[in-house]
file coords-v1.cif (mmCIF, C-alpha atoms)
data_coords
loop_
_atom_site.group_PDB
_atom_site.id
_atom_site.type_symbol
_atom_site.label_atom_id
_atom_site.label_comp_id
_atom_site.auth_asym_id
_atom_site.auth_seq_id
_atom_site.Cartn_x
_atom_site.Cartn_y
_atom_site.Cartn_z
ATOM 1 C CA MET L 1 -192.385 223.813 169.341
ATOM 2 C CA VAL L 2 -192.719 224.924 165.729
ATOM 3 C CA THR L 3 -189.812 227.150 164.675
ATOM 4 C CA VAL L 4 -190.014 229.450 161.644
ATOM 5 C CA PRO L 5 -188.126 232.460 160.274
ATOM 6 C CA ALA L 6 -189.139 235.566 162.233
ATOM 7 C CA ARG L 7 -190.603 237.398 159.236
ATOM 8 C CA GLN L 8 -192.939 234.536 158.366
ATOM 9 C CA GLY L 9 -193.802 233.931 162.011
ATOM 10 C CA LEU L 10 -194.736 237.568 162.633
ATOM 11 C CA GLU L 11 -197.021 237.510 159.599
ATOM 12 C CA ALA L 12 -198.578 234.258 160.840
ATOM 13 C CA VAL L 13 -199.277 235.755 164.280
ATOM 14 C CA ASP L 14 -201.059 238.685 162.602
ATOM 15 C CA ILE L 15 -203.040 236.373 160.314
ATOM 16 C CA ILE L 16 -204.215 234.168 163.180
ATOM 17 C CA ARG L 17 -205.139 237.137 165.355
ATOM 18 C CA ARG L 18 -207.124 238.767 162.548
ATOM 19 C CA GLY L 19 -208.973 235.559 161.741
ATOM 20 C CA THR L 20 -209.875 234.289 165.199
ATOM 21 C CA ALA L 21 -209.792 235.287 168.838
ATOM 22 C CA ALA L 22 -206.412 236.480 170.086
ATOM 23 C CA ALA L 23 -206.325 233.500 172.458
ATOM 24 C CA ALA L 24 -205.788 231.262 169.415
ATOM 25 C CA VAL L 25 -202.067 232.107 169.535
ATOM 26 C CA GLY L 26 -200.308 230.599 172.524
ATOM 27 C CA PRO L 27 -196.869 231.578 173.790
ATOM 28 C CA VAL L 28 -194.394 232.586 171.078
ATOM 29 C CA LEU L 29 -190.651 232.780 171.674
ATOM 30 C CA HIS L 30 -188.467 235.144 169.614
ATOM 31 C CA ASP L 31 -184.873 234.033 169.221
ATOM 32 C CA GLY L 32 -183.034 237.162 168.154
ATOM 33 C CA THR L 33 -179.767 235.311 167.632
ATOM 34 C CA CYS L 34 -181.255 233.000 164.996
ATOM 35 C CA ASP L 35 -183.997 235.441 163.891
ATOM 36 C CA THR L 36 -186.709 232.835 164.437
ATOM 37 C CA LEU L 37 -190.034 232.528 166.226
ATOM 38 C CA GLY L 38 -191.054 229.423 168.151
ATOM 39 C CA PHE L 39 -194.750 228.625 168.596
ATOM 40 C CA LEU L 40 -195.728 226.324 171.453
ATOM 41 C CA VAL L 41 -198.016 223.631 170.043
ATOM 42 C CA PRO L 42 -199.689 220.546 171.568
ATOM 43 C CA PRO L 43 -197.657 217.391 172.238
ATOM 44 C CA GLY L 44 -197.670 215.043 169.245
ATOM 45 C CA THR L 45 -197.662 217.811 166.624
ATOM 46 C CA ALA L 46 -194.171 216.893 165.380
ATOM 47 C CA ALA L 47 -195.324 213.470 164.154
ATOM 48 C CA ALA L 48 -197.426 215.031 161.370
ATOM 49 C CA TRP L 49 -195.668 218.364 160.830
ATOM 50 C CA ASP L 50 -194.585 218.858 157.216
ATOM 51 C CA VAL L 51 -194.637 222.605 156.544
ATOM 52 C CA PRO L 52 -191.705 223.640 154.315
ATOM 53 C CA GLY L 53 -189.356 226.196 155.838
ATOM 54 C CA SER L 54 -190.269 225.285 159.405
ATOM 55 C CA ALA L 55 -189.233 222.720 161.984
ATOM 56 C CA CYS L 56 -191.250 221.083 164.724
ATOM 57 C CA THR L 57 -189.236 219.916 167.701
ATOM 58 C CA GLU L 58 -190.485 216.678 169.192
ATOM 59 C CA THR L 59 -190.677 216.393 172.958
ATOM 60 C CA ASP L 60 -189.604 213.359 174.930
ATOM 61 C CA GLY L 61 -193.216 212.233 175.182
ATOM 62 C CA ARG L 62 -193.992 213.796 178.541
ATOM 63 C CA GLY L 63 -195.356 216.947 176.931
ATOM 64 C CA LEU L 64 -194.859 220.533 177.944
ATOM 65 C CA ARG L 65 -196.730 222.010 180.842
ATOM 66 C CA ILE L 66 -197.631 225.648 180.253
ATOM 67 C CA THR L 67 -198.429 226.315 183.894
ATOM 68 C CA GLY L 68 -195.351 227.582 185.659
ATOM 69 C CA LEU L 69 -193.239 228.434 182.615
ATOM 70 C CA PRO L 70 -190.623 230.969 183.636
ATOM 71 C CA ALA L 71 -191.208 234.597 182.760
ATOM 72 C CA ALA L 72 -187.639 234.708 181.493
ATOM 73 C CA PRO L 73 -187.175 232.922 178.166
ATOM 74 C CA PRO L 74 -185.382 229.572 178.281
ATOM 75 C CA VAL L 75 -182.808 230.489 175.608
ATOM 76 C CA THR L 76 -180.102 233.168 175.910
ATOM 77 C CA GLY L 77 -180.668 235.894 173.315
ATOM 78 C CA SER L 78 -184.389 235.236 173.141
ATOM 79 C CA GLY L 79 -187.503 236.924 174.452
ATOM 80 C CA TRP L 80 -191.200 236.209 174.619
ATOM 81 C CA LEU L 81 -193.114 237.798 171.723
ATOM 82 C CA LEU L 82 -196.263 236.508 173.405
ATOM 83 C CA PRO L 83 -195.521 235.462 176.990
ATOM 84 C CA PRO L 84 -196.791 232.255 178.570
ATOM 85 C CA ASP L 85 -199.606 233.915 180.491
ATOM 86 C CA THR L 86 -202.196 231.440 179.267
ATOM 87 C CA ALA L 87 -202.645 227.685 179.396
ATOM 88 C CA GLU L 88 -203.413 227.672 175.663
ATOM 89 C CA VAL L 89 -200.996 226.608 172.961
ATOM 90 C CA THR L 90 -201.259 227.447 169.269
ATOM 91 C CA ASP L 91 -203.548 225.162 167.293
ATOM 92 C CA PRO L 92 -201.363 223.363 164.707
ATOM 93 C CA GLY L 93 -204.067 223.501 162.020
ATOM 94 C CA LEU L 94 -204.451 227.259 162.369
ATOM 95 C CA LEU L 95 -200.689 227.677 162.441
ATOM 96 C CA ARG L 96 -200.226 225.551 159.309
ATOM 97 C CA GLU L 97 -202.771 227.654 157.386
ATOM 98 C CA ALA L 98 -201.357 230.949 158.663
ATOM 99 C CA LEU L 99 -197.776 229.988 157.798
ATOM 100 C CA GLY L 100 -198.856 229.057 154.273
ATOM 101 C CA GLU L 101 -200.671 232.350 153.812
ATOM 102 C CA ALA L 102 -197.716 234.249 155.285
ATOM 103 C CA ALA L 103 -195.292 232.543 152.894
ATOM 104 C CA ARG L 104 -197.488 233.487 149.915
ATOM 105 C CA MET L 105 -197.744 237.107 151.113
ATOM 106 C CA ILE L 106 -193.977 237.376 151.598
ATOM 107 C CA GLU L 107 -193.301 235.827 148.195
ATOM 108 C CA ALA L 108 -195.707 238.286 146.540
ATOM 109 C CA ALA L 109 -194.218 241.279 148.377
ATOM 110 C CA ASP L 110 -190.676 240.247 147.496
ATOM 111 C CA GLY L 111 -191.727 239.756 143.857
ATOM 112 C CA ILE L 112 -193.124 243.281 143.727
ATOM 113 C CA ARG L 113 -189.914 244.711 145.178
ATOM 114 C CA GLU L 114 -187.821 242.812 142.630
ATOM 115 C CA ALA L 115 -190.047 243.997 139.783
ATOM 116 C CA GLU L 116 -189.643 247.572 140.958
ATOM 117 C CA GLY L 117 -185.870 247.120 141.067
ATOM 118 C CA ARG L 118 -185.439 247.570 144.815
#
call {"tool": "encode", "arguments": {"input": "coords-v1.cif", "output": "structure tokens"}}
result
Amino acid sequence: MVTVPARQGLEAVDIIRRGTAAAAVGPVLHDGTCDTLGFLVPPGTAAAWDVPGSACTETDGRGLRITGLPAAPPVTGSGWLLPPDTAEVTDPGLLREALGEAARMIEAADGIREAEGR
């Protein structure tokens, strides 16, 4: 699972959905307590994940099975932004690109606000 700040993750979901079919984004968990989003990605993604500002949790090697995930989120204080109603997970390459674009957009927007004195 790739975990990112909610603001960046929401932008990334929008970027991926605008650029490709909506099915390109697998289940996404929103943790309201930590204000993060968690994207389910294929097993093995953590070994090569190096996106600043994010974390990729490594599994124990058995991998995650999408089929049969509970409708209720696995973490107290969380909820599914995109529920696990598909067998697809988010493609790590698409996610990497979308997170980079989202970070640039957020940085630009924050820079404009600072310049305007907000």
call {"tool": "residues_near_point", "arguments": {"input": "coords-v1.cif", "point": "(-192.1, 239.7, 172.1)", "cutoff": "9 Å", "atoms": "all atoms listed in the file", "output": "ChimeraX atom specification"}}
result
/L:28-30,78-83
call {"tool": "residues_around", "arguments": {"input": "coords-v1.cif", "residues": "L:Leu40", "least_positions_apart": "2", "cutoff": "9 Å", "atoms": "only C-alpha atoms", "output": "NGL selection string"}}
result
:L and (1-2 or 25-29 or 38 or 42 or 64 or 88-91)
call {"tool": "atom_distance", "arguments": {"input": "coords-v1.cif", "atom1": "atom CA of L:Asp50", "atom2": "atom CA of L:Ile112"}}
result
27.9 Å
call {"tool": "axis_aligned_box", "arguments": {"input": "coords-v1.cif", "around": "stretch 35-53 of chain L", "padding_each_side": "4 Å", "output": "AutoDock Vina command-line options"}}
result
--center_x -191.8 --center_y 224.5 --center_z 163.3 --size_x 23.7 --size_y 30.0 --size_z 25.9
call {"tool": "resolve_selection", "arguments": {"input": "coords-v1.cif", "expression": "the PyMOL selection byres ((chain L and resi 8) around 12)", "output": "PDB file with C-alpha atoms, keeping the file's coordinate frame"}}
result
ATOM      1  CA  THR L   3    -189.812 227.150 164.675  1.00  0.00           C
ATOM      2  CA  VAL L   4    -190.014 229.450 161.644  1.00  0.00           C
ATOM      3  CA  PRO L   5    -188.126 232.460 160.274  1.00  0.00           C
ATOM      4  CA  ALA L   6    -189.139 235.566 162.233  1.00  0.00           C
ATOM      5  CA  ARG L   7    -190.603 237.398 159.236  1.00  0.00           C
ATOM      6  CA  GLY L   9    -193.802 233.931 162.011  1.00  0.00           C
ATOM      7  CA  LEU L  10    -194.736 237.568 162.633  1.00  0.00           C
ATOM      8  CA  GLU L  11    -197.021 237.510 159.599  1.00  0.00           C
ATOM      9  CA  ALA L  12    -198.578 234.258 160.840  1.00  0.00           C
ATOM     10  CA  VAL L  13    -199.277 235.755 164.280  1.00  0.00           C
ATOM     11  CA  ASP L  14    -201.059 238.685 162.602  1.00  0.00           C
ATOM     12  CA  ILE L  15    -203.040 236.373 160.314  1.00  0.00           C
ATOM     13  CA  ASP L  35    -183.997 235.441 163.891  1.00  0.00           C
ATOM     14  CA  THR L  36    -186.709 232.835 164.437  1.00  0.00           C
ATOM     15  CA  LEU L  37    -190.034 232.528 166.226  1.00  0.00           C
ATOM     16  CA  GLY L  38    -191.054 229.423 168.151  1.00  0.00           C
ATOM     17  CA  PHE L  39    -194.750 228.625 168.596  1.00  0.00           C
ATOM     18  CA  PRO L  52    -191.705 223.640 154.315  1.00  0.00           C
ATOM     19  CA  GLY L  53    -189.356 226.196 155.838  1.00  0.00           C
ATOM     20  CA  SER L  54    -190.269 225.285 159.405  1.00  0.00           C
ATOM     21  CA  LEU L  95    -200.689 227.677 162.441  1.00  0.00           C
ATOM     22  CA  ARG L  96    -200.226 225.551 159.309  1.00  0.00           C
ATOM     23  CA  ALA L  98    -201.357 230.949 158.663  1.00  0.00           C
ATOM     24  CA  LEU L  99    -197.776 229.988 157.798  1.00  0.00           C
ATOM     25  CA  GLY L 100    -198.856 229.057 154.273  1.00  0.00           C
ATOM     26  CA  GLU L 101    -200.671 232.350 153.812  1.00  0.00           C
ATOM     27  CA  ALA L 102    -197.716 234.249 155.285  1.00  0.00           C
ATOM     28  CA  ALA L 103    -195.292 232.543 152.894  1.00  0.00           C
ATOM     29  CA  ARG L 104    -197.488 233.487 149.915  1.00  0.00           C
ATOM     30  CA  MET L 105    -197.744 237.107 151.113  1.00  0.00           C
ATOM     31  CA  ILE L 106    -193.977 237.376 151.598  1.00  0.00           C
ATOM     32  CA  GLU L 107    -193.301 235.827 148.195  1.00  0.00           C
TER      33      GLU L 107
END
call {"tool": "atom_distance", "arguments": {"input": "coords-v1.cif", "atom1": "atom CA of L:Ala46", "atom2": "atom CA of L:Glu58"}}
result
5.3 Å
call {"tool": "closest_residue", "arguments": {"input": "coords-v1.cif", "among": "L:Gly77, L:Ala87, L:Gly93, L:Cys34", "to": "L:Ala48", "atoms": "all atoms listed in the file"}}
result
L:Gly93
call {"tool": "atom_distance", "arguments": {"input": "coords-v1.cif", "atom1": "atom CA of L:Thr45", "atom2": "atom CA of L:Gly19"}}
result
21.6 Å
call {"tool": "closest_residue", "arguments": {"input": "coords-v1.cif", "among": "L:Pro92, L:Gly111, L:Gly117, L:Pro84", "to": "L:Val51", "atoms": "all atoms listed in the file"}}
result
L:Pro92
call {"tool": "decode", "arguments": {"input": "coords-v1.cif", "residues": "stretch 93-110 of chain L", "atoms": "N, CA, C and O atoms", "output": "PDB file, in the first residue's frame"}}
result
ATOM      1  N   GLY L  93       3.363   2.710 -11.766  1.00  0.00           N
ATOM      2  CA  GLY L  93       3.920   3.697 -12.693  1.00  0.00           C
ATOM      3  C   GLY L  93       3.000   4.888 -12.865  1.00  0.00           C
ATOM      4  O   GLY L  93       3.432   6.046 -12.817  1.00  0.00           O
ATOM      5  N   LEU L  94       1.701   4.597 -13.060  1.00  0.00           N
ATOM      6  CA  LEU L  94       0.721   5.681 -13.164  1.00  0.00           C
ATOM      7  C   LEU L  94       0.648   6.479 -11.871  1.00  0.00           C
ATOM      8  O   LEU L  94       0.565   7.709 -11.889  1.00  0.00           O
ATOM      9  N   LEU L  95       0.689   5.780 -10.748  1.00  0.00           N
ATOM     10  CA  LEU L  95       0.609   6.454  -9.459  1.00  0.00           C
ATOM     11  C   LEU L  95       1.831   7.346  -9.241  1.00  0.00           C
ATOM     12  O   LEU L  95       1.701   8.491  -8.799  1.00  0.00           O
ATOM     13  N   ARG L  96       2.995   6.860  -9.569  1.00  0.00           N
ATOM     14  CA  ARG L  96       4.233   7.640  -9.427  1.00  0.00           C
ATOM     15  C   ARG L  96       4.140   8.943 -10.228  1.00  0.00           C
ATOM     16  O   ARG L  96       4.433  10.024  -9.713  1.00  0.00           O
ATOM     17  N   GLU L  97       3.714   8.844 -11.483  1.00  0.00           N
ATOM     18  CA  GLU L  97       3.578  10.035 -12.331  1.00  0.00           C
ATOM     19  C   GLU L  97       2.523  10.992 -11.778  1.00  0.00           C
ATOM     20  O   GLU L  97       2.737  12.205 -11.740  1.00  0.00           O
ATOM     21  N   ALA L  98       1.388  10.454 -11.367  1.00  0.00           N
ATOM     22  CA  ALA L  98       0.300  11.288 -10.859  1.00  0.00           C
ATOM     23  C   ALA L  98       0.689  11.988  -9.559  1.00  0.00           C
ATOM     24  O   ALA L  98       0.358  13.161  -9.361  1.00  0.00           O
ATOM     25  N   LEU L  99       1.403  11.282  -8.680  1.00  0.00           N
ATOM     26  CA  LEU L  99       1.834  11.910  -7.431  1.00  0.00           C
ATOM     27  C   LEU L  99       2.831  13.033  -7.691  1.00  0.00           C
ATOM     28  O   LEU L  99       2.797  14.069  -7.021  1.00  0.00           O
ATOM     29  N   GLY L 100       3.700  12.843  -8.672  1.00  0.00           N
ATOM     30  CA  GLY L 100       4.652  13.901  -9.031  1.00  0.00           C
ATOM     31  C   GLY L 100       3.941  15.129  -9.575  1.00  0.00           C
ATOM     32  O   GLY L 100       4.231  16.264  -9.182  1.00  0.00           O
ATOM     33  N   GLU L 101       2.985  14.894 -10.471  1.00  0.00           N
ATOM     34  CA  GLU L 101       2.216  16.007 -11.025  1.00  0.00           C
ATOM     35  C   GLU L 101       1.407  16.692  -9.929  1.00  0.00           C
ATOM     36  O   GLU L 101       1.330  17.923  -9.875  1.00  0.00           O
ATOM     37  N   ALA L 102       0.810  15.914  -9.047  1.00  0.00           N
ATOM     38  CA  ALA L 102       0.023  16.485  -7.947  1.00  0.00           C
ATOM     39  C   ALA L 102       0.901  17.345  -7.045  1.00  0.00           C
ATOM     40  O   ALA L 102       0.492  18.439  -6.638  1.00  0.00           O
ATOM     41  N   ALA L 103       2.092  16.882  -6.735  1.00  0.00           N
ATOM     42  CA  ALA L 103       2.999  17.653  -5.878  1.00  0.00           C
ATOM     43  C   ALA L 103       3.355  18.984  -6.535  1.00  0.00           C
ATOM     44  O   ALA L 103       3.389  20.024  -5.866  1.00  0.00           O
ATOM     45  N   ARG L 104       3.612  18.965  -7.847  1.00  0.00           N
ATOM     46  CA  ARG L 104       3.928  20.205  -8.564  1.00  0.00           C
ATOM     47  C   ARG L 104       2.742  21.165  -8.567  1.00  0.00           C
ATOM     48  O   ARG L 104       2.900  22.371  -8.381  1.00  0.00           O
ATOM     49  N   MET L 105       1.529  20.630  -8.767  1.00  0.00           N
ATOM     50  CA  MET L 105       0.326  21.466  -8.764  1.00  0.00           C
ATOM     51  C   MET L 105       0.109  22.104  -7.393  1.00  0.00           C
ATOM     52  O   MET L 105      -0.205  23.296  -7.295  1.00  0.00           O
ATOM     53  N   ILE L 106       0.275  21.323  -6.341  1.00  0.00           N
ATOM     54  CA  ILE L 106       0.079  21.829  -4.983  1.00  0.00           C
ATOM     55  C   ILE L 106       1.119  22.899  -4.663  1.00  0.00           C
ATOM     56  O   ILE L 106       0.803  23.948  -4.097  1.00  0.00           O
ATOM     57  N   GLU L 107       2.366  22.641  -5.045  1.00  0.00           N
ATOM     58  CA  GLU L 107       3.429  23.611  -4.807  1.00  0.00           C
ATOM     59  C   GLU L 107       3.139  24.928  -5.533  1.00  0.00           C
ATOM     60  O   GLU L 107       3.293  26.008  -4.964  1.00  0.00           O
ATOM     61  N   ALA L 108       2.675  24.835  -6.777  1.00  0.00           N
ATOM     62  CA  ALA L 108       2.340  26.038  -7.545  1.00  0.00           C
ATOM     63  C   ALA L 108       1.168  26.782  -6.911  1.00  0.00           C
ATOM     64  O   ALA L 108       1.200  28.009  -6.770  1.00  0.00           O
ATOM     65  N   ALA L 109       0.135  26.048  -6.519  1.00  0.00           N
ATOM     66  CA  ALA L 109      -1.039  26.684  -5.897  1.00  0.00           C
ATOM     67  C   ALA L 109      -0.670  27.353  -4.582  1.00  0.00           C
ATOM     68  O   ALA L 109      -1.111  28.475  -4.302  1.00  0.00           O
ATOM     69  N   ASP L 110       0.134  26.687  -3.777  1.00  0.00           N
ATOM     70  CA  ASP L 110       0.559  27.269  -2.507  1.00  0.00           C
ATOM     71  C   ASP L 110       1.434  28.501  -2.737  1.00  0.00           C
ATOM     72  O   ASP L 110       1.350  29.479  -1.990  1.00  0.00           O
TER      73      ASP L 110
END
